[in-house]
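Student: This is the structure I want to talk about, given as structure tokens.
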Amino acid sequence: MAKKRATKEALLSTAIGLFQKFGYENITIDDICNEIDVTKTAFYYYYKSKDELIRDYFSTDNMLSSDELSSILSAHDYANQVLRIIETRIRHVTKAGVALTKELYRIYLKDEVIPLLPEQGGLSEIVINLLERAQQEGLIKRIASPKTLSDSLCCLSNGILLKWIMTGGEFDVIDENRLLFEALFL
């Protein structure tokens, strides 16, 4: 089991490194496999395509480290916990750089997937619950449902990320997100 996980992690980290260095379109599955000396069969065991690999890299499962989770939980109130979750997601996405983030959005458009929505289940429910608690404590004044607020946050973050992509990464996404979050929700 540990070897399988190591192979998948090696494929993922190697592919991301190659994409960042040479560009997504310039790297083939053969290039990825040759770099770490695995077969294409091994690649296809874990991923159906390069697009799936990119989506896996940007997934919530690969987002939260224990330090980031600790930072989220140490926020002094529920509204700031929500903000830290969004910021952690944005940091993870932008760490890959403009070109790979642009590729992610291309994949989302092709697959007709709404980007940056917390995946169904765990994280989405946590954000909704935190928003509800923040409303109950008067930290968030908006009277919309926590689900509507959560969806609004995702749309806000997507807009900011798209602007960041289109400007070639010319501004601090975290600062922009925090400014608009505070203007709209606090």
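By order of appearance in the structure tokens: chains A, B, ..., then residues from 1 within every chain, and ligands from 1 in the order shown.
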I need the residues of chain A that end up classed as alpha helix (DSSP H) by DSSP on the backbone, written out as a PyMOL selection string.
Tutor: chain A and resi 2-22+29-36+40-46+50-57+66-73+78-95+98-111+122-136+146-166+173-185
Student: Find the residues near stretch 65-67 of chain A: any atom within 12 Å, counting only C-alpha atoms, skip ones fewer than 6 places away on the same chain, and give them as a ChimeraX atom specification.
Tutor: /A:73-74,85,88-89,92
Student: Just checking: using only C-alpha atoms, which residue out of A:Ala79, A:Ala15, A:Gly97, A:Glu68 ends up closest to A:Gly169?
Tutor: A:Gly97
Student: Which of these residues is nearest to A:Asn129, using only C-alpha atoms: A:Leu153, A:Val82, A:Ile54, A:Ala75?
Tutor: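 Among A:Leu153, A:Val82, A:Ile54, A:Ala75, it is A:Val82 that comes nearest to A:Asn129.
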Student: Find the spatial neighbours of A:Tyr24, counting only C-alpha atoms, within a cut-off of 12 Å - ignore same-chain residues fewer than 3 positions away - and output them as number ranges by chain.
Tutor: A: 15-21, 27-29, 31-32, 50-51, 53-54, 96-104, 106-107
Student: Using only C-alpha atoms, determine which residues lie at most 10 Å from A:Asn158, disregarding the query and same-chain residues fewer than 3 positions distant; provide the list as a ChimeraX atom specification.
Tutor: /A:90,105,114-117,152-155,161-164,177
Student: What's the separation between atom CA of A:Ala6 and atom CA of A:Cys33, in Å to one decimal place?
Tutor: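 It comes out at 13.9 Å.
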